[in-house]
Amino acid sequence: MFITFEGVEGCGKSTVSEIVYKKLLEEKYNVILTREPGGVKIAEDIRKIILDKENTKLDNRTEALLFAASRRQHLVEKVWPALKENKIVLCDRFLDSSLAYQGGGKNLGVDEVLHVNLFATEKTLPDLTLLFDIDPQLGLDRININKNREVNRLDLESLNFYNKVRETFLDLAKIYKDRYVIIDASKPLDEVVSETYKIICEKINGRS
Ligand code: TYD
């Protein structure tokens with residue numbers, strides 16, 4: 001079972017995924033939590049190039065290809081082996097982030113970015129994608145309160161960019177109805193956590 005967490009910055013997906021992961025562990029589920037690049041050295045090295053604020057010349061298509069390359073390495077070294085061992089894999093961001101950020105936000109086109117990513121992933125798609133939907137302004141406000149967070153190259157985008165990313169995620173949720181569930185991430189954290197946990201347990205136990 002491959003479950004991904006998606007959304008714009010400040011949506012809370014990383015916090016929620018960590019809490020839900022611990023709850024699943026307590027319930028003795030065979031589960032791992034990972035995030036791209038997931039501590040895989042080659043994937044980390046690629047990621048450094050993408051997020052380096054000095055890399056102002058990085059072309060949008062190069063960026064999309066690098067994300068896809070990093071994603072593949074993380075799949076090969078970490079996600080596929082875990083899935084083979086029948087583990088539940090929770091992953092903070094996956095291919096849908098590329099569709100929304102590079103395809104939508106950077107206007108490369110969702111279909112083209114999907115094409116490149118299906119090559120990279122050999123058509124591996126999540127069984128369940130949880131979209132933590134929030135007004136990007138609210139998400140950015142949350143991040144700004146947490147001033148200790150390190151700013152990366154993609155944090156320097158405009159509100160208009162994040163609005164496009166959000167809209168693309170919502171479009172994807174309509175296209176991929178079978179695997180997407182939208183969660184209202186503007187709700188209080190404990191509500192978001194319990195809704196997320198419930199959806200995941202239903203999926204794991206075959207009720208949806
Ligand atoms: P990170 O700090 O890991 O993001 P977050 O904590 O929000 O998940 O930085 C990742 C940035 O890269 C984030 O702005 C989203 C963006 N991104 C893409 O543009 N495309 C992708 O395929 C992925 C995985 C991330």
# chains A, B, ... in the order shown; residues from 1 in each chain; ligands from 1
$ select_by_dssp --residues "chain A" --states "strand (DSSP E or B)" --output "list in words"
Phe2, Ile3, Thr4, Phe5, Glu6, Val31, Ile32, Leu33, Thr34, Arg35, Ile88, Val89, Leu90, Cys91, Asp92, Leu128, Thr129, Leu130, Leu131, Phe132, Asp133, Tyr180, Val181, Ile182, Ile183 and Asp184 of chain A
$ write_last_selection --atoms "N, CA, C and O atoms" --output "short mmCIF file (atom, residue, chain, number, x, y, z; two decimals), in the first residue's frame"
data_model
loop_
_atom_site.label_atom_id
_atom_site.label_comp_id
_atom_site.auth_asym_id
_atom_site.auth_seq_id
_atom_site.Cartn_x
_atom_site.Cartn_y
_atom_site.Cartn_z
N PHE A 2 0.69 2.05 -1.03
CA PHE A 2 1.53 3.24 -1.20
C PHE A 2 0.64 4.48 -1.05
O PHE A 2 -0.27 4.70 -1.85
N ILE A 3 0.91 5.25 0.01
CA ILE A 3 0.05 6.38 0.35
C ILE A 3 0.87 7.67 0.32
O ILE A 3 1.92 7.76 0.98
N THR A 4 0.41 8.67 -0.43
CA THR A 4 1.18 9.91 -0.53
C THR A 4 0.42 11.09 0.07
O THR A 4 -0.82 11.11 0.06
N PHE A 5 1.19 12.05 0.57
CA PHE A 5 0.66 13.26 1.21
C PHE A 5 1.05 14.46 0.34
O PHE A 5 2.24 14.66 0.07
N GLU A 6 0.07 15.23 -0.09
CA GLU A 6 0.35 16.34 -1.01
C GLU A 6 -0.33 17.63 -0.54
O GLU A 6 -1.30 17.59 0.22
N VAL A 31 4.72 -0.29 8.82
CA VAL A 31 4.64 0.97 8.07
C VAL A 31 5.97 1.72 8.08
O VAL A 31 6.73 1.62 9.05
N ILE A 32 6.28 2.41 6.98
CA ILE A 32 7.41 3.35 7.02
C ILE A 32 6.91 4.73 6.57
O ILE A 32 5.94 4.83 5.82
N LEU A 33 7.59 5.76 7.07
CA LEU A 33 7.31 7.13 6.63
C LEU A 33 8.55 7.64 5.91
O LEU A 33 9.66 7.55 6.44
N THR A 34 8.38 8.12 4.70
CA THR A 34 9.51 8.67 3.99
C THR A 34 9.08 9.94 3.27
O THR A 34 7.90 10.29 3.25
N ARG A 35 10.06 10.68 2.80
CA ARG A 35 9.78 11.87 2.00
C ARG A 35 10.88 11.99 0.97
O ARG A 35 12.01 11.61 1.23
N ILE A 88 3.41 -0.77 4.50
CA ILE A 88 2.62 0.40 4.12
C ILE A 88 3.63 1.54 4.01
O ILE A 88 4.37 1.81 4.96
N VAL A 89 3.69 2.18 2.85
CA VAL A 89 4.64 3.27 2.66
C VAL A 89 3.88 4.60 2.65
O VAL A 89 3.03 4.83 1.79
N LEU A 90 4.19 5.44 3.65
CA LEU A 90 3.64 6.80 3.67
C LEU A 90 4.71 7.71 3.11
O LEU A 90 5.84 7.71 3.60
N CYS A 91 4.39 8.49 2.09
CA CYS A 91 5.41 9.32 1.46
C CYS A 91 4.93 10.78 1.37
O CYS A 91 3.88 11.07 0.82
N ASP A 92 5.76 11.65 2.00
CA ASP A 92 5.48 13.09 2.01
C ASP A 92 5.94 13.66 0.66
O ASP A 92 7.13 13.80 0.44
N LEU A 128 -3.27 5.62 -2.72
CA LEU A 128 -4.09 6.67 -2.09
C LEU A 128 -3.27 7.95 -2.01
O LEU A 128 -2.10 7.91 -1.61
N THR A 129 -3.86 9.05 -2.45
CA THR A 129 -3.20 10.35 -2.34
C THR A 129 -4.08 11.28 -1.52
O THR A 129 -5.24 11.52 -1.86
N LEU A 130 -3.51 11.75 -0.41
CA LEU A 130 -4.25 12.66 0.46
C LEU A 130 -3.83 14.08 0.12
O LEU A 130 -2.65 14.43 0.24
N LEU A 131 -4.79 14.87 -0.33
CA LEU A 131 -4.49 16.26 -0.68
C LEU A 131 -4.93 17.17 0.47
O LEU A 131 -6.12 17.27 0.78
N PHE A 132 -3.94 17.78 1.13
CA PHE A 132 -4.22 18.69 2.24
C PHE A 132 -4.44 20.07 1.63
O PHE A 132 -3.50 20.81 1.36
N ASP A 133 -5.72 20.37 1.43
CA ASP A 133 -6.07 21.58 0.68
C ASP A 133 -6.21 22.78 1.61
O ASP A 133 -6.88 22.71 2.64
N TYR A 180 -7.57 9.82 -5.07
CA TYR A 180 -7.46 11.09 -4.33
C TYR A 180 -8.51 11.24 -3.24
O TYR A 180 -9.68 10.91 -3.46
N VAL A 181 -8.12 11.77 -2.11
CA VAL A 181 -9.08 12.24 -1.11
C VAL A 181 -8.63 13.63 -0.69
O VAL A 181 -7.45 13.85 -0.39
N ILE A 182 -9.57 14.58 -0.72
CA ILE A 182 -9.23 15.95 -0.33
C ILE A 182 -9.56 16.15 1.15
O ILE A 182 -10.65 15.80 1.61
N ILE A 183 -8.59 16.71 1.88
CA ILE A 183 -8.79 16.98 3.30
C ILE A 183 -8.70 18.49 3.50
O ILE A 183 -7.78 19.13 2.98
N ASP A 184 -9.67 19.04 4.23
CA ASP A 184 -9.66 20.49 4.47
C ASP A 184 -8.59 20.79 5.53
O ASP A 184 -8.79 20.58 6.72
#
$ residues_around --residues "Thr168 of chain A" --least-positions-apart "3" --cutoff "9 Å" --atoms "only C-alpha atoms" --output "ChimeraX atom specification"
/A:99-101,103-105,110,163-165,171-173
$ closest_atom_pairs --of "chain A" --to "ligand 1" --cutoff "6 Å" --atoms "only C-alpha atoms and all ligand atoms" --output "Markdown table"
| residue | atom | partner | partner_atom_place_in_ligand_line | distance |
| --- | --- | --- | --- | --- |
| A:Glu9 | CA | ligand 1 | 7 (O) | 4.4 |
| A:Phe67 | CA | ligand 1 | 22 (O) | 5.1 |
| A:Arg93 | CA | ligand 1 | 24 (C) | 5.2 |
| A:Phe94 | CA | ligand 1 | 24 (C) | 5.4 |
| A:Leu95 | CA | ligand 1 | 22 (O) | 5.8 |
| A:Ser97 | CA | ligand 1 | 22 (O) | 4.4 |
| A:Ser98 | CA | ligand 1 | 22 (O) | 3.4 |
| A:Tyr101 | CA | ligand 1 | 19 (O) | 4.5 |
| A:Gln102 | CA | ligand 1 | 19 (O) | 5.9 |
| A:Leu154 | CA | ligand 1 | 14 (O) | 4.6 |
| A:Asp155 | CA | ligand 1 | 14 (O) | 5.7 |
$ write_last_selection --atoms "C-alpha atoms" --output "short mmCIF file (atom, residue, chain, number, x, y, z; two decimals), in the first residue's frame"
data_model
loop_
_atom_site.label_atom_id
_atom_site.label_comp_id
_atom_site.auth_asym_id
_atom_site.auth_seq_id
_atom_site.Cartn_x
_atom_site.Cartn_y
_atom_site.Cartn_z
CA GLU A 9 3.56 24.87 1.62
CA PHE A 67 12.75 16.02 -9.56
CA ARG A 93 5.19 14.36 -1.61
CA PHE A 94 5.48 12.29 -4.79
CA LEU A 95 4.76 12.60 -8.50
CA SER A 97 3.89 17.53 -6.60
CA SER A 98 5.70 17.63 -9.94
CA TYR A 101 4.38 22.63 -9.22
CA GLN A 102 6.19 22.08 -12.53
CA LEU A 154 11.02 27.18 -4.37
CA ASP A 155 9.92 29.17 -1.31
#
$ select_by_dssp --residues "segment 30-185 of chain A" --states "alpha helix (DSSP H)" --output "ChimeraX atom specification"
/A:41-51,60-74,80-84,95-98,110-121,136-145,159-175
$ write_last_selection --atoms "C-alpha atoms" --output "short mmCIF file (atom, residue, chain, number, x, y, z; two decimals), in the first residue's frame"
data_model
loop_
_atom_site.label_atom_id
_atom_site.label_comp_id
_atom_site.auth_asym_id
_atom_site.auth_seq_id
_atom_site.Cartn_x
_atom_site.Cartn_y
_atom_site.Cartn_z
CA LYS A 41 22.32 9.95 -1.06
CA ILE A 42 22.03 10.21 -4.84
CA ALA A 43 18.50 11.60 -4.53
CA GLU A 44 19.71 14.07 -1.86
CA ASP A 45 22.53 15.24 -4.12
CA ILE A 46 20.08 15.89 -6.95
CA ARG A 47 17.72 17.67 -4.59
CA LYS A 48 20.48 20.02 -3.39
CA ILE A 49 20.91 21.30 -6.93
CA ILE A 50 17.16 21.87 -7.30
CA LEU A 51 16.67 23.76 -4.05
CA ASN A 60 12.13 24.76 -15.65
CA ARG A 61 12.40 21.58 -17.70
CA THR A 62 15.76 20.77 -16.10
CA GLU A 63 14.06 21.23 -12.74
CA ALA A 64 11.23 18.83 -13.71
CA LEU A 65 13.73 16.24 -14.95
CA LEU A 66 15.80 16.51 -11.78
CA PHE A 67 12.75 16.02 -9.56
CA ALA A 68 11.84 12.96 -11.65
CA ALA A 69 15.41 11.61 -11.40
CA SER A 70 15.54 12.12 -7.65
CA ARG A 71 12.12 10.47 -7.34
CA ARG A 72 13.26 7.41 -9.26
CA GLN A 73 16.34 6.91 -7.11
CA HIS A 74 14.21 7.15 -3.95
CA TRP A 80 9.98 -0.36 -4.00
CA PRO A 81 11.94 -2.56 -1.55
CA ALA A 82 9.52 -1.60 1.25
CA LEU A 83 6.46 -2.29 -0.92
CA LYS A 84 7.95 -5.65 -1.85
CA LEU A 95 4.76 12.60 -8.50
CA ASP A 96 1.65 14.77 -8.01
CA SER A 97 3.89 17.53 -6.60
CA SER A 98 5.70 17.63 -9.94
CA VAL A 110 0.50 18.42 -16.54
CA ASP A 111 0.51 15.85 -19.36
CA GLU A 112 4.11 16.47 -20.34
CA VAL A 113 5.35 16.32 -16.77
CA LEU A 114 3.29 13.18 -16.20
CA HIS A 115 4.91 11.59 -19.24
CA VAL A 116 8.43 12.20 -17.90
CA ASN A 117 7.44 10.97 -14.46
CA LEU A 118 5.81 7.77 -15.69
CA PHE A 119 9.10 6.98 -17.41
CA ALA A 120 10.93 7.65 -14.14
CA THR A 121 8.56 5.65 -11.96
CA PRO A 136 -2.01 29.29 -0.10
CA GLN A 137 -2.08 32.66 1.67
CA LEU A 138 -3.07 30.88 4.89
CA GLY A 139 -0.34 28.28 4.33
CA LEU A 140 2.31 30.93 3.77
CA ASP A 141 1.13 32.83 6.86
CA ARG A 142 1.62 29.65 8.91
CA ILE A 143 5.14 29.25 7.55
CA ASN A 144 6.06 32.86 8.24
CA ILE A 145 5.17 32.39 11.90
CA LEU A 159 1.32 33.87 -4.22
CA ASN A 160 0.04 33.63 -7.78
CA PHE A 161 2.34 30.63 -8.34
CA TYR A 162 1.01 28.83 -5.25
CA ASN A 163 -2.58 29.57 -6.29
CA LYS A 164 -1.87 27.84 -9.61
CA VAL A 165 -0.29 24.91 -7.76
CA ARG A 166 -3.37 24.57 -5.56
CA GLU A 167 -5.75 24.72 -8.54
CA THR A 168 -3.73 22.04 -10.33
CA PHE A 169 -3.87 19.77 -7.29
CA LEU A 170 -7.66 20.24 -7.19
CA ASP A 171 -7.89 19.44 -10.91
CA LEU A 172 -5.80 16.31 -10.35
CA ALA A 173 -8.17 15.24 -7.57
CA LYS A 174 -11.00 15.34 -10.13
CA ILE A 175 -9.02 13.43 -12.75
#
$ residues_around --residues "Val193 of chain A" --least-positions-apart "5" --cutoff "12 Å" --atoms "only C-alpha atoms" --output "VMD selection string"
chain A and resid 12 to 24 130 132 183 to 188 198 to 200
$ atom_distance --atom1 "atom CA of Arg179 of chain A" --atom2 "atom CA of Ser158 of chain A"
29.3 Å
$ atom_distance --atom1 "atom CA of Lys123 of chain A" --atom2 "atom CA of Leu58 of chain A"
26.5 Å
$ decode --residues "segment 39-78 of chain A" --atoms "N, CA and C atoms" --output "mmCIF file, in the first residue's frame"
data_model
loop_
_atom_site.group_PDB
_atom_site.id
_atom_site.type_symbol
_atom_site.label_atom_id
_atom_site.label_comp_id
_atom_site.auth_asym_id
_atom_site.auth_seq_id
_atom_site.Cartn_x
_atom_site.Cartn_y
_atom_site.Cartn_z
ATOM 1 N N GLY A 39 16.555 10.517 2.357
ATOM 2 C CA GLY A 39 17.814 10.049 2.935
ATOM 3 C C GLY A 39 18.613 9.173 1.993
ATOM 4 N N VAL A 40 18.203 9.121 0.740
ATOM 5 C CA VAL A 40 18.945 8.361 -0.265
ATOM 6 C C VAL A 40 19.973 9.311 -0.868
ATOM 7 N N LYS A 41 21.275 8.966 -0.760
ATOM 8 C CA LYS A 41 22.321 9.952 -1.058
ATOM 9 C C LYS A 41 22.233 10.551 -2.462
ATOM 10 N N ILE A 42 22.061 9.692 -3.457
ATOM 11 C CA ILE A 42 22.025 10.207 -4.836
ATOM 12 C C ILE A 42 20.830 11.158 -5.000
ATOM 13 N N ALA A 43 19.693 10.756 -4.447
ATOM 14 C CA ALA A 43 18.496 11.596 -4.533
ATOM 15 C C ALA A 43 18.708 12.923 -3.779
ATOM 16 N N GLU A 44 19.405 12.848 -2.636
ATOM 17 C CA GLU A 44 19.709 14.073 -1.856
ATOM 18 C C GLU A 44 20.595 15.016 -2.658
ATOM 19 N N ASP A 45 21.602 14.424 -3.331
ATOM 20 C CA ASP A 45 22.526 15.241 -4.119
ATOM 21 C C ASP A 45 21.780 15.979 -5.233
ATOM 22 N N ILE A 46 20.866 15.262 -5.878
ATOM 23 C CA ILE A 46 20.079 15.891 -6.951
ATOM 24 C C ILE A 46 19.227 17.017 -6.365
ATOM 25 N N ARG A 47 18.618 16.717 -5.246
ATOM 26 C CA ARG A 47 17.717 17.670 -4.593
ATOM 27 C C ARG A 47 18.440 18.967 -4.209
ATOM 28 N N LYS A 48 19.713 18.829 -3.791
ATOM 29 C CA LYS A 48 20.478 20.018 -3.392
ATOM 30 C C LYS A 48 20.584 20.993 -4.557
ATOM 31 N N ILE A 49 20.804 20.442 -5.736
ATOM 32 C CA ILE A 49 20.907 21.297 -6.935
ATOM 33 C C ILE A 49 19.574 22.019 -7.164
ATOM 34 N N ILE A 50 18.480 21.284 -7.014
ATOM 35 C CA ILE A 50 17.162 21.872 -7.298
ATOM 36 C C ILE A 50 16.841 23.019 -6.328
ATOM 37 N N LEU A 51 17.132 22.795 -5.054
ATOM 38 C CA LEU A 51 16.665 23.758 -4.048
ATOM 39 C C LEU A 51 17.680 24.853 -3.713
ATOM 40 N N ASP A 52 18.863 24.795 -4.316
ATOM 41 C CA ASP A 52 19.904 25.786 -4.032
ATOM 42 C C ASP A 52 19.489 27.178 -4.546
ATOM 43 N N LYS A 53 19.422 28.133 -3.615
ATOM 44 C CA LYS A 53 18.987 29.506 -3.978
ATOM 45 C C LYS A 53 19.923 30.174 -4.984
ATOM 46 N N GLU A 54 21.187 29.681 -5.040
ATOM 47 C CA GLU A 54 22.156 30.270 -5.979
ATOM 48 C C GLU A 54 21.868 29.844 -7.426
ATOM 49 N N ASN A 55 21.113 28.769 -7.587
ATOM 50 C CA ASN A 55 20.885 28.239 -8.938
ATOM 51 C C ASN A 55 19.775 28.977 -9.674
ATOM 52 N N THR A 56 19.975 30.280 -9.853
ATOM 53 C CA THR A 56 18.935 31.103 -10.485
ATOM 54 C C THR A 56 18.780 30.775 -11.975
ATOM 55 N N LYS A 57 19.793 30.117 -12.562
ATOM 56 C CA LYS A 57 19.719 29.797 -13.997
ATOM 57 C C LYS A 57 19.014 28.472 -14.266
ATOM 58 N N LEU A 58 18.622 27.765 -13.223
ATOM 59 C CA LEU A 58 18.041 26.430 -13.436
ATOM 60 C C LEU A 58 16.782 26.536 -14.295
ATOM 61 N N ASP A 59 16.815 25.874 -15.428
ATOM 62 C CA ASP A 59 15.717 25.892 -16.382
ATOM 63 C C ASP A 59 14.542 25.060 -15.839
ATOM 64 N N ASN A 60 13.309 25.447 -16.185
ATOM 65 C CA ASN A 60 12.133 24.757 -15.649
ATOM 66 C C ASN A 60 12.068 23.280 -16.037
ATOM 67 N N ARG A 61 12.437 22.982 -17.281
ATOM 68 C CA ARG A 61 12.403 21.575 -17.696
ATOM 69 C C ARG A 61 13.515 20.781 -17.012
ATOM 70 N N THR A 62 14.666 21.435 -16.840
ATOM 71 C CA THR A 62 15.759 20.766 -16.104
ATOM 72 C C THR A 62 15.265 20.447 -14.698
ATOM 73 N N GLU A 63 14.589 21.421 -14.090
ATOM 74 C CA GLU A 63 14.055 21.229 -12.743
ATOM 75 C C GLU A 63 13.107 20.022 -12.701
ATOM 76 N N ALA A 64 12.199 19.947 -13.670
ATOM 77 C CA ALA A 64 11.232 18.832 -13.706
ATOM 78 C C ALA A 64 11.958 17.499 -13.872
ATOM 79 N N LEU A 65 12.978 17.480 -14.726
ATOM 80 C CA LEU A 65 13.733 16.238 -14.951
ATOM 81 C C LEU A 65 14.508 15.831 -13.700
ATOM 82 N N LEU A 66 15.047 16.819 -12.997
ATOM 83 C CA LEU A 66 15.805 16.515 -11.778
ATOM 84 C C LEU A 66 14.883 15.958 -10.688
ATOM 85 N N PHE A 67 13.703 16.559 -10.548
ATOM 86 C CA PHE A 67 12.752 16.016 -9.562
ATOM 87 C C PHE A 67 12.410 14.571 -9.919
ATOM 88 N N ALA A 68 12.201 14.320 -11.215
ATOM 89 C CA ALA A 68 11.844 12.960 -11.649
ATOM 90 C C ALA A 68 13.007 11.995 -11.388
ATOM 91 N N ALA A 69 14.233 12.458 -11.623
ATOM 92 C CA ALA A 69 15.411 11.610 -11.397
ATOM 93 C C ALA A 69 15.577 11.291 -9.911
ATOM 94 N N SER A 70 15.426 12.309 -9.094
ATOM 95 C CA SER A 70 15.542 12.123 -7.646
ATOM 96 C C SER A 70 14.456 11.149 -7.154
ATOM 97 N N ARG A 71 13.257 11.336 -7.710
ATOM 98 C CA ARG A 71 12.117 10.467 -7.344
ATOM 99 C C ARG A 71 12.423 9.013 -7.673
ATOM 100 N N ARG A 72 12.967 8.784 -8.863
ATOM 101 C CA ARG A 72 13.256 7.406 -9.256
ATOM 102 C C ARG A 72 14.265 6.749 -8.298
ATOM 103 N N GLN A 73 15.306 7.486 -7.966
ATOM 104 C CA GLN A 73 16.339 6.911 -7.105
ATOM 105 C C GLN A 73 15.754 6.546 -5.729
ATOM 106 N N HIS A 74 14.883 7.401 -5.234
ATOM 107 C CA HIS A 74 14.209 7.153 -3.954
ATOM 108 C C HIS A 74 13.304 5.915 -4.056
ATOM 109 N N LEU A 75 12.654 5.758 -5.204
ATOM 110 C CA LEU A 75 11.814 4.566 -5.419
ATOM 111 C C LEU A 75 12.672 3.299 -5.419
ATOM 112 N N VAL A 76 13.749 3.361 -6.202
ATOM 113 C CA VAL A 76 14.599 2.182 -6.377
ATOM 114 C C VAL A 76 15.207 1.743 -5.047
ATOM 115 N N GLU A 77 15.729 2.716 -4.295
ATOM 116 C CA GLU A 77 16.474 2.358 -3.082
ATOM 117 C C GLU A 77 15.584 2.156 -1.856
ATOM 118 N N LYS A 78 14.428 2.813 -1.842
ATOM 119 C CA LYS A 78 13.660 2.791 -0.594
ATOM 120 C C LYS A 78 12.201 2.335 -0.748
#
